[in-house]
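Novice: Below is the file entry.txt, which contains compact mmCIF, C-alpha atoms and all ligand atoms.
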# COMPACT_ATOMS: atom_id res chain seq x y z
CA MET Y 27 173.36 98.84 58.72
CA GLY Y 28 170.58 99.27 61.23
CA LYS Y 29 168.35 102.31 61.38
CA ILE Y 30 168.78 104.54 64.42
CA PHE Y 31 165.28 105.87 63.94
CA ILE Y 32 163.70 102.41 64.17
CA ASP Y 33 165.79 101.50 67.21
CA ALA Y 34 164.64 104.72 68.89
CA CYS Y 35 160.98 103.94 68.09
CA PHE Y 36 161.37 100.65 70.00
CA GLY Y 37 163.07 102.39 72.94
CA LYS Y 38 166.53 100.92 72.27
CA GLU Y 39 169.65 102.88 73.08
CA THR Y 40 171.00 104.92 70.13
CA PRO Y 41 174.25 106.95 69.62
CA TYR Y 42 172.15 110.13 69.55
CA THR Y 43 168.45 111.01 69.55
CA PRO Y 44 167.08 110.97 65.99
CA VAL Y 45 165.11 113.92 64.65
CA TRP Y 46 162.65 114.73 61.87
CA MET Y 47 160.13 117.54 61.34
CA MET Y 48 156.46 117.28 60.54
CA ARG Y 49 155.84 118.86 57.11
CA GLN Y 50 159.57 118.72 56.45
CA ALA Y 51 159.01 118.32 52.70
CA GLY Y 52 157.40 121.61 51.82
CA ARG Y 53 157.32 125.24 50.92
CA TYR Y 54 160.18 126.52 53.13
CA LEU Y 55 162.54 124.67 50.74
CA PRO Y 56 163.26 126.50 47.43
CA GLU Y 57 164.06 123.09 45.92
CA TYR Y 58 160.50 121.95 46.79
CA MET Y 59 158.99 125.06 45.19
CA ALA Y 60 160.96 124.36 42.00
CA VAL Y 61 159.64 120.77 41.71
CA ARG Y 62 156.09 121.86 42.55
CA ALA Y 63 156.25 124.55 39.84
CA LYS Y 64 157.28 121.87 37.33
CA ALA Y 65 154.38 119.66 38.46
CA GLY Y 66 151.93 122.55 37.97
CA ASN Y 67 150.14 122.15 41.30
CA PHE Y 68 150.21 120.32 44.60
CA LEU Y 69 147.92 117.41 43.66
CA ASN Y 70 149.84 116.74 40.44
CA LEU Y 71 152.93 116.52 42.59
CA CYS Y 72 151.25 113.91 44.83
CA HIS Y 73 150.23 111.91 41.74
CA ASP Y 74 153.71 111.89 40.17
CA PRO Y 75 155.89 109.23 41.87
CA LYS Y 76 159.19 110.53 40.46
CA LYS Y 77 158.59 114.09 41.62
CA ALA Y 78 157.02 113.00 44.93
CA CYS Y 79 160.09 110.82 45.55
CA GLU Y 80 162.39 113.75 44.78
CA VAL Y 81 160.71 116.10 47.30
CA THR Y 82 160.55 113.31 49.91
CA LEU Y 83 164.34 113.00 49.79
CA GLN Y 84 165.08 116.76 49.81
CA PRO Y 85 164.90 117.32 53.58
CA VAL Y 86 167.12 114.26 54.20
CA ASP Y 87 169.79 115.61 51.83
CA ILE Y 88 169.43 119.32 52.62
CA VAL Y 89 168.47 119.48 56.30
CA GLY Y 90 169.96 116.20 57.54
CA VAL Y 91 166.96 114.64 59.26
CA ASP Y 92 167.13 110.97 60.30
CA ALA Y 93 163.91 109.91 58.61
CA ALA Y 94 162.09 110.75 55.40
CA ILE Y 95 158.32 111.10 55.40
CA LEU Y 96 156.49 110.02 52.29
CA PHE Y 97 155.37 113.04 50.29
CA SER Y 98 151.61 112.91 49.86
CA ASP Y 99 148.61 114.28 51.73
CA ILE Y 100 146.11 112.80 54.15
CA LEU Y 101 143.26 113.91 51.85
CA VAL Y 102 144.13 111.55 48.97
CA ILE Y 103 142.08 108.98 50.92
CA PRO Y 104 138.68 110.73 50.67
CA ASP Y 105 139.66 111.76 47.14
CA GLU Y 106 139.96 108.10 46.11
CA MET Y 107 136.79 107.25 48.03
CA GLY Y 108 135.12 109.39 45.38
CA MET Y 109 134.98 112.85 46.95
CA ASP Y 110 136.87 114.80 44.30
CA LEU Y 111 139.52 116.82 46.13
CA GLU Y 112 140.64 120.24 44.96
CA PHE Y 113 143.29 122.53 46.40
CA ILE Y 114 142.28 126.15 45.99
CA LYS Y 115 145.16 128.64 45.93
CA GLY Y 116 145.44 130.54 49.18
CA GLU Y 117 142.50 128.67 50.74
CA GLY Y 118 143.56 125.05 51.02
CA PRO Y 119 141.69 121.80 50.41
CA LYS Y 120 138.08 121.67 49.24
CA PHE Y 121 135.45 118.97 48.64
CA ASN Y 122 132.44 120.27 46.71
CA ASP Y 123 129.95 117.65 47.92
CA PRO Y 124 130.44 117.15 51.64
CA ILE Y 125 128.75 114.21 53.36
CA THR Y 126 125.40 114.99 54.93
CA CYS Y 127 123.42 111.72 55.06
CA ASP Y 128 123.44 107.91 54.92
CA GLU Y 129 123.14 107.82 51.14
CA ASP Y 130 126.24 110.01 50.77
CA ILE Y 131 128.20 107.49 52.85
CA ASP Y 132 126.83 104.52 50.89
CA ARG Y 133 127.98 106.16 47.66
CA LEU Y 134 131.57 106.41 48.87
CA ILE Y 135 133.99 103.81 47.56
CA GLY Y 136 135.10 101.67 50.53
CA GLY Y 137 137.54 99.00 51.63
CA ASP Y 138 140.13 97.58 49.29
CA GLU Y 139 138.49 99.11 46.23
CA ALA Y 140 139.47 102.57 47.52
CA ALA Y 141 142.86 101.45 48.89
CA SER Y 142 143.79 99.82 45.58
CA LYS Y 143 143.28 103.13 43.73
CA LEU Y 144 146.17 104.79 45.59
CA THR Y 145 148.77 103.16 43.32
CA TYR Y 146 150.73 106.42 42.87
CA VAL Y 147 151.43 106.39 46.63
CA TYR Y 148 152.73 102.81 46.57
CA ASP Y 149 154.82 103.56 43.45
CA THR Y 150 156.31 106.60 45.20
CA ILE Y 151 157.23 104.46 48.22
CA LYS Y 152 159.00 101.89 46.01
CA LEU Y 153 161.04 104.62 44.30
CA ILE Y 154 161.99 106.26 47.60
CA LYS Y 155 163.16 102.92 49.01
CA GLU Y 156 165.47 102.46 46.02
CA ARG Y 157 167.12 105.82 46.69
CA LEU Y 158 166.94 106.41 50.46
CA ALA Y 159 170.18 105.69 52.36
CA GLU Y 160 170.15 102.36 54.17
CA ASP Y 161 170.49 103.96 57.62
CA LYS Y 162 167.50 106.30 57.20
CA ALA Y 163 163.88 105.31 57.82
CA LEU Y 164 160.87 106.02 55.62
CA ILE Y 165 157.74 107.11 57.48
CA GLY Y 166 154.40 106.36 55.85
CA PHE Y 167 151.30 108.08 57.16
CA THR Y 168 147.57 108.49 57.25
CA GLY Y 169 145.16 110.95 58.77
CA ALA Y 170 143.14 109.61 61.69
CA PRO Y 171 139.54 108.82 60.72
CA TRP Y 172 138.30 111.79 62.78
CA THR Y 173 140.65 114.31 61.13
CA LEU Y 174 139.72 112.96 57.68
CA ALA Y 175 136.01 113.05 58.57
CA THR Y 176 136.20 116.74 59.52
CA TYR Y 177 137.15 117.58 55.91
CA MET Y 178 134.64 115.11 54.44
CA ILE Y 179 131.79 116.63 56.48
CA GLU Y 180 132.75 120.32 56.45
CA GLY Y 181 134.02 120.22 52.85
CA GLN Y 182 137.13 122.19 53.87
CA GLY Y 183 139.18 123.29 56.86
CA THR Y 184 137.13 124.81 59.67
CA LYS Y 185 137.67 126.92 62.79
CA THR Y 186 134.52 125.86 64.65
CA TYR Y 187 133.83 122.29 63.41
CA ASN Y 188 130.16 123.23 63.79
CA ILE Y 189 128.86 120.91 61.07
CA CYS Y 190 130.66 117.79 62.31
CA LYS Y 191 129.89 118.63 65.92
CA LYS Y 192 126.22 119.09 65.12
CA MET Y 193 126.41 115.55 63.75
CA MET Y 194 128.38 114.34 66.80
CA TYR Y 195 125.70 115.47 69.25
CA SER Y 196 122.52 115.15 67.22
CA ASN Y 197 123.23 112.14 64.98
CA PRO Y 198 126.23 110.27 66.40
CA GLU Y 199 125.33 107.07 64.51
CA LEU Y 200 125.88 108.85 61.21
CA LEU Y 201 129.28 110.13 62.32
CA HIS Y 202 130.24 106.62 63.48
CA LYS Y 203 129.17 105.22 60.13
CA ILE Y 204 131.56 107.62 58.36
CA LEU Y 205 134.37 106.91 60.83
CA ALA Y 206 133.94 103.13 60.45
CA LYS Y 207 134.00 103.31 56.65
CA VAL Y 208 137.12 105.49 56.66
CA THR Y 209 138.78 103.19 59.23
CA GLU Y 210 138.36 100.17 56.94
CA VAL Y 211 140.01 102.02 54.04
CA VAL Y 212 142.84 103.32 56.25
CA LYS Y 213 143.69 99.80 57.54
CA LEU Y 214 144.09 98.48 54.00
CA TYR Y 215 145.83 101.64 52.78
CA MET Y 216 148.45 101.39 55.55
CA GLN Y 217 148.83 97.66 54.95
CA ARG Y 218 149.59 98.42 51.30
CA GLN Y 219 152.03 101.20 52.27
CA ILE Y 220 153.85 98.66 54.46
CA GLU Y 221 153.88 96.08 51.67
CA ALA Y 222 155.33 98.76 49.36
CA GLY Y 223 158.20 99.36 51.79
CA ILE Y 224 157.59 101.99 54.49
CA ASP Y 225 159.49 101.40 57.75
CA VAL Y 226 157.26 103.31 60.20
CA VAL Y 227 153.62 104.42 60.38
CA GLN Y 228 152.43 107.77 61.74
CA ILE Y 229 148.73 108.47 62.30
CA PHE Y 230 148.05 112.23 62.28
CA ASP Y 231 145.06 113.31 64.35
CA SER Y 232 145.65 116.98 63.69
CA TRP Y 233 142.20 118.07 64.80
CA ALA Y 234 141.99 115.92 67.94
CA SER Y 235 141.65 119.01 70.15
CA ALA Y 236 138.29 119.84 68.58
CA ILE Y 237 136.68 116.97 70.53
CA GLU Y 238 135.84 117.40 74.22
CA PRO Y 239 138.08 115.13 76.37
CA GLY Y 240 135.21 112.90 77.53
CA LYS Y 241 134.26 112.11 73.93
CA TYR Y 242 137.73 111.78 72.42
CA ASP Y 243 137.99 108.01 72.82
CA GLU Y 244 134.55 107.37 71.35
CA PHE Y 245 134.95 109.54 68.23
CA SER Y 246 138.62 109.27 67.48
CA TRP Y 247 141.11 107.36 69.63
CA LYS Y 248 139.35 103.98 69.50
CA TYR Y 249 139.44 104.07 65.69
CA MET Y 250 143.16 104.91 65.73
CA VAL Y 251 143.73 101.99 68.12
CA GLU Y 252 141.70 99.70 65.83
CA ILE Y 253 144.01 100.62 62.93
CA ALA Y 254 147.10 100.08 65.12
CA ASP Y 255 145.80 96.67 66.27
CA TYR Y 256 145.16 95.59 62.69
CA LEU Y 257 148.69 96.55 61.65
CA LYS Y 258 150.46 95.24 64.78
CA GLU Y 259 148.82 91.83 64.41
CA ARG Y 260 150.34 91.53 60.92
CA TYR Y 261 153.51 93.65 61.10
CA PRO Y 262 154.80 93.74 64.69
CA HIS Y 263 158.24 94.91 63.44
CA ILE Y 264 156.79 98.15 62.00
CA PRO Y 265 156.69 100.88 64.66
CA ILE Y 266 153.52 102.96 64.96
CA ILE Y 267 153.50 106.63 65.99
CA MET Y 268 150.24 108.18 67.20
CA PHE Y 269 149.99 111.97 66.98
CA PRO Y 270 146.79 113.32 68.51
CA LYS Y 271 147.28 117.08 68.55
CA GLY Y 272 146.25 119.08 71.61
CA VAL Y 273 144.77 116.52 74.00
CA PRO Y 274 146.62 116.96 77.34
CA ALA Y 275 143.45 116.13 79.29
CA PHE Y 276 143.34 112.73 77.57
CA LEU Y 277 146.90 111.68 78.42
CA ASP Y 278 145.90 109.76 81.55
CA LYS Y 279 143.46 107.72 79.46
CA VAL Y 280 145.78 106.83 76.56
CA TYR Y 281 145.85 103.10 75.78
CA GLY Y 282 146.66 100.85 72.83
CA ASN Y 283 149.22 98.71 71.06
CA PHE Y 284 151.58 101.24 69.47
CA ASP Y 285 155.16 102.38 70.05
CA VAL Y 286 155.55 106.14 69.96
CA PHE Y 287 153.32 108.92 71.26
CA GLY Y 288 153.73 112.23 69.40
CA VAL Y 289 153.61 115.15 71.82
CA ASP Y 290 152.36 118.43 70.38
CA TRP Y 291 153.83 121.79 71.41
CA SER Y 292 151.00 122.73 73.81
CA THR Y 293 151.77 119.76 76.07
CA PRO Y 294 154.92 120.10 78.19
CA MET Y 295 157.30 117.19 77.53
CA ALA Y 296 157.75 116.62 81.30
CA PHE Y 297 153.96 116.36 81.68
CA ALA Y 298 153.77 113.75 78.92
CA LYS Y 299 156.81 111.87 80.27
CA GLU Y 300 155.26 111.55 83.72
CA ARG Y 301 152.05 110.08 82.30
CA LEU Y 302 153.24 108.05 79.31
CA GLY Y 303 157.04 107.83 79.35
CA ASP Y 304 157.18 104.31 80.83
CA ARG Y 305 154.78 102.84 78.29
CA TYR Y 306 155.61 104.72 75.08
CA VAL Y 307 158.58 106.40 73.44
CA LEU Y 308 157.82 110.12 73.18
CA GLN Y 309 158.27 112.22 70.05
CA GLY Y 310 158.45 115.99 70.03
CA ASN Y 311 157.87 118.75 70.72
CA MET Y 312 159.41 122.13 69.95
CA GLU Y 313 156.94 124.94 69.21
CA PRO Y 314 157.45 125.29 65.42
CA CYS Y 315 157.64 129.10 65.58
CA ARG Y 316 160.82 128.87 67.64
CA LEU Y 317 162.45 128.04 64.30
CA TYR Y 318 162.33 131.76 63.51
CA SER Y 319 165.13 132.27 66.07
CA LYS Y 320 168.27 130.15 66.40
CA GLU Y 321 168.64 131.16 70.05
CA ALA Y 322 165.05 130.24 70.86
CA THR Y 323 165.60 126.93 69.07
CA THR Y 324 168.80 126.05 70.93
CA HIS Y 325 167.22 126.92 74.27
CA CYS Y 326 164.21 124.67 73.64
CA VAL Y 327 166.27 121.74 72.35
CA GLU Y 328 168.40 121.91 75.50
CA VAL Y 329 165.36 121.98 77.77
CA ILE Y 330 163.79 118.99 75.99
CA GLN Y 331 167.07 117.09 76.20
CA GLU Y 332 167.31 117.88 79.91
CA THR Y 333 163.82 116.43 80.40
CA MET Y 334 164.23 113.32 78.21
CA GLN Y 335 167.93 112.62 78.92
CA GLY Y 336 168.32 110.93 75.54
CA LYS Y 337 166.11 108.03 76.58
CA ARG Y 338 162.94 106.79 74.89
CA HIS Y 339 162.76 109.96 72.82
CA ILE Y 340 162.64 111.18 69.20
CA PHE Y 341 163.10 114.90 68.52
CA ASN Y 342 160.48 116.66 66.39
CA LEU Y 343 158.51 119.86 66.23
CA GLY Y 344 155.21 120.00 68.10
CA HIS Y 345 153.42 120.46 64.74
CA GLY Y 346 154.37 121.26 61.13
CA ILE Y 347 157.16 123.60 60.01
CA LEU Y 348 155.82 126.85 58.49
CA PRO Y 349 156.61 127.97 54.91
CA ASP Y 350 158.54 131.15 55.86
CA VAL Y 351 161.11 129.48 58.13
CA PRO Y 352 164.70 130.01 56.87
CA VAL Y 353 166.23 126.70 55.74
CA GLU Y 354 169.34 127.58 57.72
CA ASN Y 355 167.30 127.62 60.94
CA ALA Y 356 165.79 124.20 60.17
CA LYS Y 357 169.34 122.86 59.72
CA HIS Y 358 170.32 124.51 62.99
CA PHE Y 359 167.46 122.69 64.78
CA VAL Y 360 168.55 119.31 63.42
CA ASN Y 361 172.22 119.93 64.27
CA GLU Y 362 171.35 121.05 67.78
CA CYS Y 363 169.24 117.94 68.43
CA HIS Y 364 172.20 115.79 67.39
CA ARG Y 365 174.73 117.87 69.33
CA VAL Y 366 172.95 117.88 72.69
CA SER Y 367 172.05 114.18 72.56
CA ARG Y 368 175.24 112.63 71.15
CA LYS Y 369 176.68 110.10 73.58
CA LYS Y 370 180.35 110.62 74.36
O1 LIG F 1 155.24 116.05 56.43
C1 LIG F 1 155.63 115.99 55.25
O2 LIG F 1 156.61 116.62 54.84
C2 LIG F 1 154.95 115.04 54.29
C3 LIG F 1 153.90 115.57 53.52
C4 LIG F 1 152.58 115.98 54.13
C5 LIG F 1 151.76 116.98 53.55
N1 LIG F 1 150.57 117.00 54.21
C6 LIG F 1 152.14 117.80 52.41
C7 LIG F 1 151.41 119.04 52.15
C8 LIG F 1 151.87 115.46 55.22
C9 LIG F 1 152.29 114.41 56.23
C10 LIG F 1 150.60 116.11 55.25
C11 LIG F 1 149.54 115.78 56.20
C12 LIG F 1 148.37 116.66 56.30
N2 LIG F 1 147.66 117.26 55.29
C13 LIG F 1 147.72 116.95 57.51
C14 LIG F 1 148.12 116.40 58.85
C15 LIG F 1 149.37 117.00 59.35
C16 LIG F 1 149.24 118.36 59.91
O3 LIG F 1 149.97 119.24 59.45
O4 LIG F 1 148.45 118.52 60.84
C17 LIG F 1 146.63 117.77 57.22
C18 LIG F 1 145.65 118.35 58.20
C19 LIG F 1 146.59 117.95 55.79
C20 LIG F 1 145.58 118.70 55.00
C21 LIG F 1 146.18 119.80 54.24
N3 LIG F 1 147.07 119.64 53.22
C22 LIG F 1 145.91 121.17 54.40
C23 LIG F 1 144.98 121.76 55.43
C24 LIG F 1 146.68 121.84 53.44
C25 LIG F 1 146.68 123.31 53.14
C26 LIG F 1 147.31 124.09 54.21
C27 LIG F 1 148.78 124.24 53.96
O5 LIG F 1 149.58 123.98 54.86
O6 LIG F 1 149.12 124.65 52.85
C28 LIG F 1 147.44 120.87 52.74
C29 LIG F 1 148.42 121.12 51.67
C30 LIG F 1 149.77 120.52 51.82
N4 LIG F 1 150.05 119.25 52.22
C31 LIG F 1 150.99 121.17 51.48
C32 LIG F 1 152.01 120.24 51.68
C33 LIG F 1 153.48 120.42 51.40
C34 LIG F 1 151.12 122.56 50.93
C35 LIG F 1 150.76 122.50 49.49
C36 LIG F 1 151.58 123.42 48.66
O7 LIG F 1 152.67 123.02 48.21
O8 LIG F 1 151.10 124.54 48.48
Here is the file; what I need is its structure written in the form of structure tokens.

Specialist:
Amino acid sequence: MGKIFIDACFGKETPYTPVWMMRQAGRYLPEYMAVRAKAGNFLNLCHDPKKACEVTLQPVDIVGVDAAILFSDILVIPDEMGMDLEFIKGEGPKFNDPITCDEDIDRLIGGDEAASKLTYVYDTIKLIKERLAEDKALIGFTGAPWTLATYMIEGQGTKTYNICKKMMYSNPELLHKILAKVTEVVKLYMQRQIEAGIDVVQIFDSWASAIEPGKYDEFSWKYMVEIADYLKERYPHIPIIMFPKGVPAFLDKVYGNFDVFGVDWSTPMAFAKERLGDRYVLQGNMEPCRLYSKEATTHCVEVIQETMQGKRHIFNLGHGILPDVPVENAKHFVNECHRVSRKK
């Protein structure tokens, strides 16, 4: 049986528009919380292929999405480059020795040496592929080099990005050196994810909007395109989804060899369609907080359907689902996407 999700990524006609949700394997699901409690903490869960496989499949079984996304985190990459990741309760990710100079970069483990340390990810993928239904797709992912670099330079999440922006404007060569080293690891990491069995690649540039539009290509997009080129040259049958969050002013300048453009919730779907709809399939983009209300959800799904008309589209949220969303409302979203788009 073919996969509707893959057909949709390549712009082929499908019986309905497929849907998945960013962060669909997570804390809003009691079943996820139970497995995480058994694992002890979040990183242990990422390192345990059997448990990571189990939580990857939960949203497919419980919520009915058309694709599974590998359960892991973007920050396992800098962790395996030698940066020693911790997740602090209530605060999020933390690196104790952020990168400040050339020597720090030189000390990082690079290339295939870093990519080959992520065996638990590849083992998780193999297990998922044994258990995932034939008609569902498995999405593998990475953070964009820029989004990863923000954590590597700031040491944690940030509101102002002042440390990486100081580097951007006062020592851009240093920032490029970090981005280039991360890009090399990401290429090989995604190649290995594909070899392990993923069906689709998504590149998350969650902190794209922190860069001024005139600098976005130089410090982020071109590295994402370099990764896409590397993968497309070798695996043209694997669709690539780019998700740069919050860059409406860059839409007219988007270029590159990839298949799907992920639209975040701050960019109207019609606006993205006008600029990119002919060249790329569009994914998105309901404001995730609409999930608190079934009525608000239905209304938005109908408006998006009206705009996209079931063509060259994949339904998703415009960013990740939040932990306090009722599971029932997530199911409602998925059902509504299928209902409004099903071809008679
Ligand atoms: O989407 C999925 O269901 C797959 C799993 C996934 C996680 N993180 C699991 C996770 C994916 C694709 C990510 C990507 C990720 N991680 C991004 C990019 C996507 C985005 O949302 O913008 C970013 C920026 C991170 C970094 C990260 N991981 C942060 C800032 C945090 C803490 C904040 C938070 O939401 O808790 C995490 C932790 C994390 N990653 C959790 C999950 C399920 C929560 C951990 C827990 O169980 O407590």

Novice: So, with all atoms listed in the file as the atoms that count, which of Y:Pro239, Y:Gly137, Y:Pro274, Y:Gly288 lies closest to ligand LIG 1 (chain F)?

Specialist: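 The shortest atom-to-atom distance to ligand LIG 1 (chain F) comes from Y:Gly288.
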
Novice: Throw together the list of residues within 6 Å of ligand LIG 1 (chain F), counting all atoms listed in the file, and drop it here as an MDAnalysis selection string.

Specialist: chainID Y and resid 48:53 68 95:100 118:119 230 232 346

Novice: Tell me, in Å to one decimal, how far atom CA of Leu69 of chain Y is from atom CA of Gly90 of chain Y.

Specialist: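 Atom-to-atom, atom CA of Leu69 of chain Y to atom CA of Gly90 of chain Y, that is 26.1 Å.
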
Novice: Determine the nearest neighbour of Lys155 of chain Y from the options Y:Asn122, Y:Gln309, Y:Gln219, Y:Thr168, counting all atoms listed in the file.

Specialist: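 Looking at the shortest contact to Lys155 of chain Y, the residue is Y:Gln219.
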
Novice: With a distance cut-off of 12 Å and all atoms listed in the file, select the neighbouring residues of Asp92 of chain Y, excluding the residue or stretch itself and same-chain residues fewer than 5 positions from it, and output the selection as a ChimeraX atom specification.

Specialist: /Y:29-34,42-47,50,83,85-87,158-165,340-342,360-361,363-364

Novice: Between atom CA of Asp285 of chain Y and atom CA of Gly303 of chain Y, measure the distance and give it in Å to one decimal.

Specialist: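 So the two atoms, atom CA of Asp285 of chain Y and atom CA of Gly303 of chain Y, lie 10.9 Å apart.
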
Novice: Determine the nearest neighbour of Pro75 of chain Y from the options Y:Glu39, Y:Glu139, Y:Gly28, Y:Asp149, counting only C-alpha atoms.

Specialist: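 Of Y:Glu39, Y:Glu139, Y:Gly28, Y:Asp149, the one nearest Pro75 of chain Y is Y:Asp149, counting only C-alpha atoms.
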
Novice: Skipping near chain neighbours, those fewer than 5 positions away, what residues fall within 8 Å of Ala234 of chain Y using only C-alpha atoms, listed as a list in words?

Specialist: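 Once the adjacent positions are removed, what remains is Trp172, Thr173, Tyr242, Ser246, Pro270, Lys271, Gly272 and Val273 of chain Y.
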
Novice: Write to file, as a tab-separated table (two decimals), keeping the file's coordinate frame, the residues of the selection just made, with C-alpha atoms.

Specialist:
chain	number	residue	atom	x	y	z
Y	172	TRP	CA	138.30	111.79	62.78
Y	173	THR	CA	140.65	114.31	61.13
Y	242	TYR	CA	137.73	111.78	72.42
Y	246	SER	CA	138.62	109.27	67.48
Y	270	PRO	CA	146.79	113.32	68.51
Y	271	LYS	CA	147.28	117.08	68.55
Y	272	GLY	CA	146.25	119.08	71.61
Y	273	VAL	CA	144.77	116.52	74.00

Novice: If I put a ball of radius 12 Å at (129.9, 115.3, 55.6) in the file's coordinates, which residues poke into it when counting only C-alpha atoms, written as a ChimeraX atom specification?

Specialist: /Y:104,109,121-131,134,172,174-182,187-194,197,200-205

Novice: Calculated over all atoms listed in the file, which of the candidates Y:Asp138, Y:Glu57, Y:Asp132, Y:Glu252 has the smallest distance to Ile103 of chain Y?

Specialist: Y:Asp138

Novice: Between atom CA of Lys299 of chain Y and atom CA of Ile229 of chain Y, measure the distance and give it in Å to one decimal.

Specialist: 20.0 Å

Novice: Please provide as a short mmCIF file (atom, residue, chain, number, x, y, z; two decimals) with C-alpha atoms, keeping the file's coordinate frame all residues within 10 Å of Glu332 of chain Y, with the sequence filter that same-chain residues fewer than 5 positions apart are discarded (counting all atoms listed in the file).

Specialist:
data_model
loop_
_atom_site.label_atom_id
_atom_site.label_comp_id
_atom_site.auth_asym_id
_atom_site.auth_seq_id
_atom_site.Cartn_x
_atom_site.Cartn_y
_atom_site.Cartn_z
CA ALA Y 296 157.75 116.62 81.30
CA CYS Y 326 164.21 124.67 73.64
CA VAL Y 327 166.27 121.74 72.35
CA VAL Y 366 172.95 117.88 72.69
CA SER Y 367 172.05 114.18 72.56
#

Novice: Where atoms are absent from segment 127-139 of chain Y, fill them in so it carries N, CA, C and O atoms, then output it as a tab-separated table (two decimals), in the coordinates of the input.

Specialist:
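Output saved as rebuild14.tsv:
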chain	number	residue	atom	x	y	z
Y	127	CYS	N	124.43	112.74	54.71
Y	127	CYS	CA	123.42	111.72	55.06
Y	127	CYS	C	123.92	110.31	54.75
Y	127	CYS	O	124.97	110.14	54.14
Y	128	ASP	N	123.13	109.32	55.15
Y	128	ASP	CA	123.44	107.91	54.92
Y	128	ASP	C	123.77	107.58	53.47
Y	128	ASP	O	124.72	106.87	53.19
Y	129	GLU	N	122.96	108.14	52.56
Y	129	GLU	CA	123.14	107.82	51.14
Y	129	GLU	C	124.50	108.31	50.65
Y	129	GLU	O	125.14	107.67	49.82
Y	130	ASP	N	124.93	109.48	51.17
Y	130	ASP	CA	126.24	110.01	50.77
Y	130	ASP	C	127.34	109.02	51.18
Y	130	ASP	O	128.31	108.81	50.45
Y	131	ILE	N	127.18	108.44	52.36
Y	131	ILE	CA	128.20	107.49	52.85
Y	131	ILE	C	128.18	106.22	51.98
Y	131	ILE	O	129.22	105.69	51.60
Y	132	ASP	N	126.97	105.75	51.69
Y	132	ASP	CA	126.83	104.52	50.89
Y	132	ASP	C	127.45	104.68	49.51
Y	132	ASP	O	127.96	103.72	48.94
Y	133	ARG	N	127.39	105.91	48.99
Y	133	ARG	CA	127.98	106.16	47.66
Y	133	ARG	C	129.51	106.13	47.66
Y	133	ARG	O	130.11	105.92	46.62
Y	134	LEU	N	130.10	106.37	48.81
Y	134	LEU	CA	131.57	106.41	48.87
Y	134	LEU	C	132.17	105.04	48.55
Y	134	LEU	O	131.63	104.01	48.96
Y	135	ILE	N	133.27	105.05	47.84
Y	135	ILE	CA	133.99	103.81	47.56
Y	135	ILE	C	134.69	103.39	48.86
Y	135	ILE	O	135.32	104.22	49.52
Y	136	GLY	N	134.54	102.09	49.25
Y	136	GLY	CA	135.10	101.67	50.53
Y	136	GLY	C	136.16	100.59	50.38
Y	136	GLY	O	136.51	100.19	49.27
Y	137	GLY	N	136.67	100.16	51.52
Y	137	GLY	CA	137.54	99.00	51.63
Y	137	GLY	C	138.69	98.96	50.64
Y	137	GLY	O	139.29	99.99	50.31
Y	138	ASP	N	138.96	97.76	50.14
Y	138	ASP	CA	140.13	97.58	49.29
Y	138	ASP	C	139.96	98.21	47.92
Y	138	ASP	O	140.93	98.52	47.25
Y	139	GLU	N	138.70	98.45	47.52
Y	139	GLU	CA	138.49	99.11	46.23
Y	139	GLU	C	139.08	100.53	46.27
Y	139	GLU	O	139.72	100.97	45.31
